[in-house]
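Peer 1: Below is a structure I'd like to ask you about.
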Amino acid sequence: MLSLSSVCPGRKMASLRIRMQPCLFSVLLLNVLCSFVSALYFHIGETEKKCFIEEIPDETMIIGNYRTQLYDKQREEYLPATQGLGMFVEVKDPDDKVILSRQYGSEGRFTFTSHTPGEHQICLHSNSSKFSLFAGGMLRVHLDIQVGEHANNYAEIAAKDKLTELQLRVRQLVEQVDQIQKEQNYQRYREERFRQTSESTNQRVLWWSIVQTLILVAIGIWQMRHLKSFFEAKKLV
Amino acid sequence: MHGSLRVLLQVLWAQLLCGWVLGSELTFELPDNAKQCFYEDIIMGTKCTLEFQVVTGGHYDVDCRLEDPDGTTLYKEMKKQYDSFTFTAAKNGTYKFCFSNEFSTFTHKTVYFDFQVGDDPPLFPNENRVTALTQMESACVSIHEALKSVIDYQTHFRLREAQGRSRAEDLNTRVAFWSIGEAIILLVVSISQVVLLRSFFSDKKTTTTRVGS
């Protein structure tokens, strides 16, 4: 979010006092423009469910912002905002347990913190029960997902804890290092799982080879004995 | 009126100079025979980087294509496992990049991509100040950049490890199923061999007796 001081620099404030109104207007205009999530977008069908995977360590916060636009066939363009259009957001943790399952409006923001490290799945689909407009059309979804340190709002932190610029920078570095440390920890846990999987494969290959060889030998012996007794019975041997 | 318009234009120009920045990093699943496109509005002159990596699935390859607002292909690669492409936007407009798994018949792929547009947003709203940074502040900035590259390396390492681990887990389940399958096949084949052989001799006996009499 822009503050008044950023848009109308301090020194010029006095001379612009008379022109405060238009300055304020431009700030408001920019804020309105900025509050739209102008990130990456993609198209989604009516019943389509789009899922994104985030592999994160534990105690990491994720903030997702999205905005939807519906295609208007008459005007052949995307409407800026549509009433009544909602998106259903579902987040599953690595054990497939649902940790967030909510419906938001056409523009929304969802937040969650991971409690187990691993692959979290964020799924979005529209609740298109009300749409006749939607028939055959596509929905444009702007999405922005911020993970860990990127999810922090430094302007807010600076205001709340009353930090100077240098203190805020150091704080940002501390958050980054924290994130790196959590990721390293998670890496250690994953490497252990990988090692366990490899050792299990190793064991399985060993045991099954032995078992198969034994089966082969046993079957061979049984076959010969059985056929011998069969031929003896038939008086061919 | 003229004054306010000037202020508005200055403000908009300042905003453009700051560079609208955004970096999007997403991991999504691409089903077989599917294509997924992403779009982003970019201002002329912004330096952008697209980096992608296939995390799981098949031969770990995907087709990628990046187009500018006029439809000209800026980057096109088929069956690539990992790549990074940097370009400077020559036009204003919507750039489109697509990942395609249309060449694959039954493998789902998980694709990670990181699309950086411009530079990172400044820490403070009034970052574009006239005075130079103090030594402490520039030290902080360089540490921040170094940590960003550490996080970037960590991400790539995590993706490679995920790839290795998914292959190892696949191998593990495959070894189990195929071993059990082979043992069963072995038993079935050997028993049927004996049964078939017995049946040959039984038929021959009946024909010999018939011929004899």
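Following the order of the structure tokens, first chain is A, next is B, and so on, with residues numbered from 1 inside each chain and ligands from 1 in the order they appear.
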If you run DSSP on the backbone here, which positions in stretch 8-194 of chain B get helix (DSSP H, G or I)? Please write them as a PDB file with C-alpha atoms, in the first residue's frame.

Peer 2:
ATOM      1  CA  LEU B   8      -1.075  12.776 -11.259  1.00  0.00           C
ATOM      2  CA  LEU B   9       1.212  12.198 -14.222  1.00  0.00           C
ATOM      3  CA  GLN B  10       4.298  12.647 -12.043  1.00  0.00           C
ATOM      4  CA  VAL B  11       2.932  10.186  -9.553  1.00  0.00           C
ATOM      5  CA  LEU B  12       2.155   7.641 -12.245  1.00  0.00           C
ATOM      6  CA  TRP B  13       5.582   8.125 -13.794  1.00  0.00           C
ATOM      7  CA  ALA B  14       7.224   7.651 -10.366  1.00  0.00           C
ATOM      8  CA  GLN B  15       5.258   4.491  -9.923  1.00  0.00           C
ATOM      9  CA  LEU B  16       6.401   3.216 -13.298  1.00  0.00           C
ATOM     10  CA  LEU B  17       9.995   3.985 -12.400  1.00  0.00           C
ATOM     11  CA  CYS B  18       9.690   1.955  -9.233  1.00  0.00           C
ATOM     12  CA  GLN B 135      27.678   1.615   5.135  1.00  0.00           C
ATOM     13  CA  MET B 136      25.487  -0.356   7.504  1.00  0.00           C
ATOM     14  CA  GLU B 137      22.589  -0.134   5.116  1.00  0.00           C
ATOM     15  CA  SER B 138      24.590  -1.193   2.093  1.00  0.00           C
ATOM     16  CA  ALA B 139      26.010  -4.090   4.127  1.00  0.00           C
ATOM     17  CA  CYS B 140      22.438  -5.087   4.924  1.00  0.00           C
ATOM     18  CA  VAL B 141      21.494  -4.862   1.262  1.00  0.00           C
ATOM     19  CA  SER B 142      24.382  -7.091   0.201  1.00  0.00           C
ATOM     20  CA  ILE B 143      23.606  -9.627   2.920  1.00  0.00           C
ATOM     21  CA  HIS B 144      19.980  -9.585   1.770  1.00  0.00           C
ATOM     22  CA  GLU B 145      21.013 -10.302  -1.819  1.00  0.00           C
ATOM     23  CA  ALA B 146      23.321 -13.113  -0.706  1.00  0.00           C
ATOM     24  CA  LEU B 147      20.582 -14.672   1.415  1.00  0.00           C
ATOM     25  CA  LYS B 148      18.196 -14.437  -1.511  1.00  0.00           C
ATOM     26  CA  SER B 149      20.593 -16.447  -3.613  1.00  0.00           C
ATOM     27  CA  VAL B 150      20.985 -18.973  -0.754  1.00  0.00           C
ATOM     28  CA  ILE B 151      17.214 -19.391  -0.662  1.00  0.00           C
ATOM     29  CA  ASP B 152      17.211 -19.794  -4.437  1.00  0.00           C
ATOM     30  CA  TYR B 153      19.856 -22.537  -4.272  1.00  0.00           C
ATOM     31  CA  GLN B 154      17.933 -24.214  -1.489  1.00  0.00           C
ATOM     32  CA  THR B 155      14.821 -24.262  -3.646  1.00  0.00           C
ATOM     33  CA  HIS B 156      16.691 -25.889  -6.510  1.00  0.00           C
ATOM     34  CA  PHE B 157      18.242 -28.399  -4.164  1.00  0.00           C
ATOM     35  CA  ARG B 158      14.837 -29.216  -2.695  1.00  0.00           C
ATOM     36  CA  LEU B 159      13.416 -29.795  -6.176  1.00  0.00           C
ATOM     37  CA  ARG B 160      16.248 -32.103  -7.184  1.00  0.00           C
ATOM     38  CA  GLU B 161      15.922 -33.984  -3.935  1.00  0.00           C
ATOM     39  CA  ALA B 162      12.169 -34.311  -4.477  1.00  0.00           C
ATOM     40  CA  GLN B 163      12.887 -35.724  -7.917  1.00  0.00           C
ATOM     41  CA  GLY B 164      15.391 -38.243  -6.548  1.00  0.00           C
ATOM     42  CA  ARG B 165      13.106 -39.207  -3.725  1.00  0.00           C
ATOM     43  CA  SER B 166      10.085 -39.745  -5.963  1.00  0.00           C
ATOM     44  CA  ARG B 167      12.151 -42.033  -8.186  1.00  0.00           C
ATOM     45  CA  ALA B 168      13.395 -43.962  -5.160  1.00  0.00           C
ATOM     46  CA  GLU B 169       9.880 -44.391  -3.823  1.00  0.00           C
ATOM     47  CA  ASP B 170       8.658 -45.532  -7.233  1.00  0.00           C
ATOM     48  CA  LEU B 171      11.502 -48.019  -7.397  1.00  0.00           C
ATOM     49  CA  ASN B 172      10.655 -49.325  -3.960  1.00  0.00           C
ATOM     50  CA  THR B 173       7.014 -50.052  -4.797  1.00  0.00           C
ATOM     51  CA  ARG B 174       7.920 -51.465  -8.193  1.00  0.00           C
ATOM     52  CA  VAL B 175      10.445 -53.888  -6.678  1.00  0.00           C
ATOM     53  CA  ALA B 176       7.806 -55.143  -4.249  1.00  0.00           C
ATOM     54  CA  PHE B 177       5.090 -55.643  -6.871  1.00  0.00           C
ATOM     55  CA  TRP B 178       7.288 -57.201  -9.495  1.00  0.00           C
ATOM     56  CA  SER B 179       8.890 -59.620  -7.036  1.00  0.00           C
ATOM     57  CA  ILE B 180       5.526 -60.842  -5.793  1.00  0.00           C
ATOM     58  CA  GLY B 181       4.272 -60.985  -9.381  1.00  0.00           C
ATOM     59  CA  GLU B 182       7.262 -62.977 -10.534  1.00  0.00           C
ATOM     60  CA  ALA B 183       6.977 -65.459  -7.684  1.00  0.00           C
ATOM     61  CA  ILE B 184       3.324 -66.054  -8.538  1.00  0.00           C
ATOM     62  CA  ILE B 185       4.089 -66.398 -12.257  1.00  0.00           C
ATOM     63  CA  LEU B 186       6.847 -68.861 -11.445  1.00  0.00           C
ATOM     64  CA  LEU B 187       4.517 -71.063  -9.417  1.00  0.00           C
ATOM     65  CA  VAL B 188       1.714 -70.890 -11.965  1.00  0.00           C
ATOM     66  CA  VAL B 189       3.998 -71.703 -14.922  1.00  0.00           C
ATOM     67  CA  SER B 190       5.711 -74.637 -13.246  1.00  0.00           C
ATOM     68  CA  ILE B 191       2.471 -76.207 -12.038  1.00  0.00           C
ATOM     69  CA  SER B 192       0.855 -75.827 -15.449  1.00  0.00           C
ATOM     70  CA  GLN B 193       3.943 -77.324 -17.104  1.00  0.00           C
ATOM     71  CA  VAL B 194       3.562 -80.441 -14.991  1.00  0.00           C
TER      72      VAL B 194
END

Peer 1: Excluding B:Asp32 and its own-chain neighbours fewer than 4 positions away, which residues fall within 6 Å of it when counting only C-alpha atoms? Please give them as a ChimeraX atom specification.

Peer 2: /B:101,104-108

Peer 1: Please, could you write that set of residues out with N, CA and C atoms as a tab-separated table (two decimals), in the first residue's frame?

Peer 2:
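What follows is the written file again_29.tsv:
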chain	number	residue	atom	x	y	z
B	101	ASN	N	2.22	-30.88	-21.90
B	101	ASN	CA	2.55	-32.28	-21.69
B	101	ASN	C	1.81	-33.10	-22.73
B	104	SER	N	2.87	-36.65	-23.99
B	104	SER	CA	2.87	-37.79	-23.10
B	104	SER	C	1.50	-38.44	-23.05
B	105	THR	N	1.45	-39.76	-23.06
B	105	THR	CA	0.14	-40.41	-23.08
B	105	THR	C	-0.43	-40.71	-21.72
B	106	PHE	N	0.42	-41.03	-20.75
B	106	PHE	CA	-0.20	-41.34	-19.47
B	106	PHE	C	0.55	-40.85	-18.24
B	107	THR	N	1.58	-40.04	-18.41
B	107	THR	CA	2.25	-39.60	-17.18
B	107	THR	C	1.88	-38.18	-16.82
B	108	HIS	N	1.53	-37.98	-15.55
B	108	HIS	CA	1.30	-36.62	-15.05
B	108	HIS	C	2.65	-36.07	-14.69

Peer 1: Of the candidates B:Phe103, B:Phe85, B:Phe97, B:Phe28, which shows the shortest atom-to-atom distance to B:Arg65, using only C-alpha atoms?

Peer 2: B:Phe97

Peer 1: Can you tell me, as a VMD selection string, what residues are no more than 6 Å from stretch 44-55 of chain B when counting only C-alpha atoms, ignoring any on the same chain fewer than 5 positions away?

Peer 2: chain B and resid 60 81 to 92 110 to 118 163

Peer 1: Name the residues of stretch 21-77 of chain B that come out as strand (DSSP E or B) in a backbone DSSP run; write them as a count of residues only.

Peer 2: 38

Peer 1: What's around B:Arg198 at 12 Å? Count only C-alpha atoms, leave out sequence neighbours fewer than 2 positions away in its own chain, and write the answer as a ChimeraX atom specification.

Peer 2: /A:223,226-231,233-234 /B:191-196,200-205

Peer 1: Expressed in Å to a single decimal, how great is the separation between atom CA of A:Asp95 and atom CA of A:Val205?

Peer 2: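 Atom CA of A:Val205 lies 28.0 Å from atom CA of A:Asp95.
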
Peer 1: To one decimal in Å, tell me the separation between atom CA of B:Ala34 and atom CA of B:Thr56.

Peer 2: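 Atom CA of B:Ala34 sits 15.5 Å away from atom CA of B:Thr56.
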
Peer 1: Counting only C-alpha atoms, which residue out of A:Glu90, A:Asp58, A:Glu192, A:Glu107 sits closest to chain B?

Peer 2: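 Checking each of A:Glu90, A:Asp58, A:Glu192, A:Glu107 against chain B, counting only C-alpha atoms, the winner is A:Glu192.
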
Peer 1: List the spatial neighbours of A:Gly105 as a ChimeraX atom specification - criterion: any atom at most 7 Å away, only C-alpha atoms, same-chain residues fewer than 6 positions off excluded.

Peer 2: /A:85-87

Peer 1: Give the answer as one residue: which of A:Cys123, A:Leu139, A:Val91, A:Leu166 has the shortest atom-to-atom distance to A:Ser106, using only C-alpha atoms?

Peer 2: A:Leu139
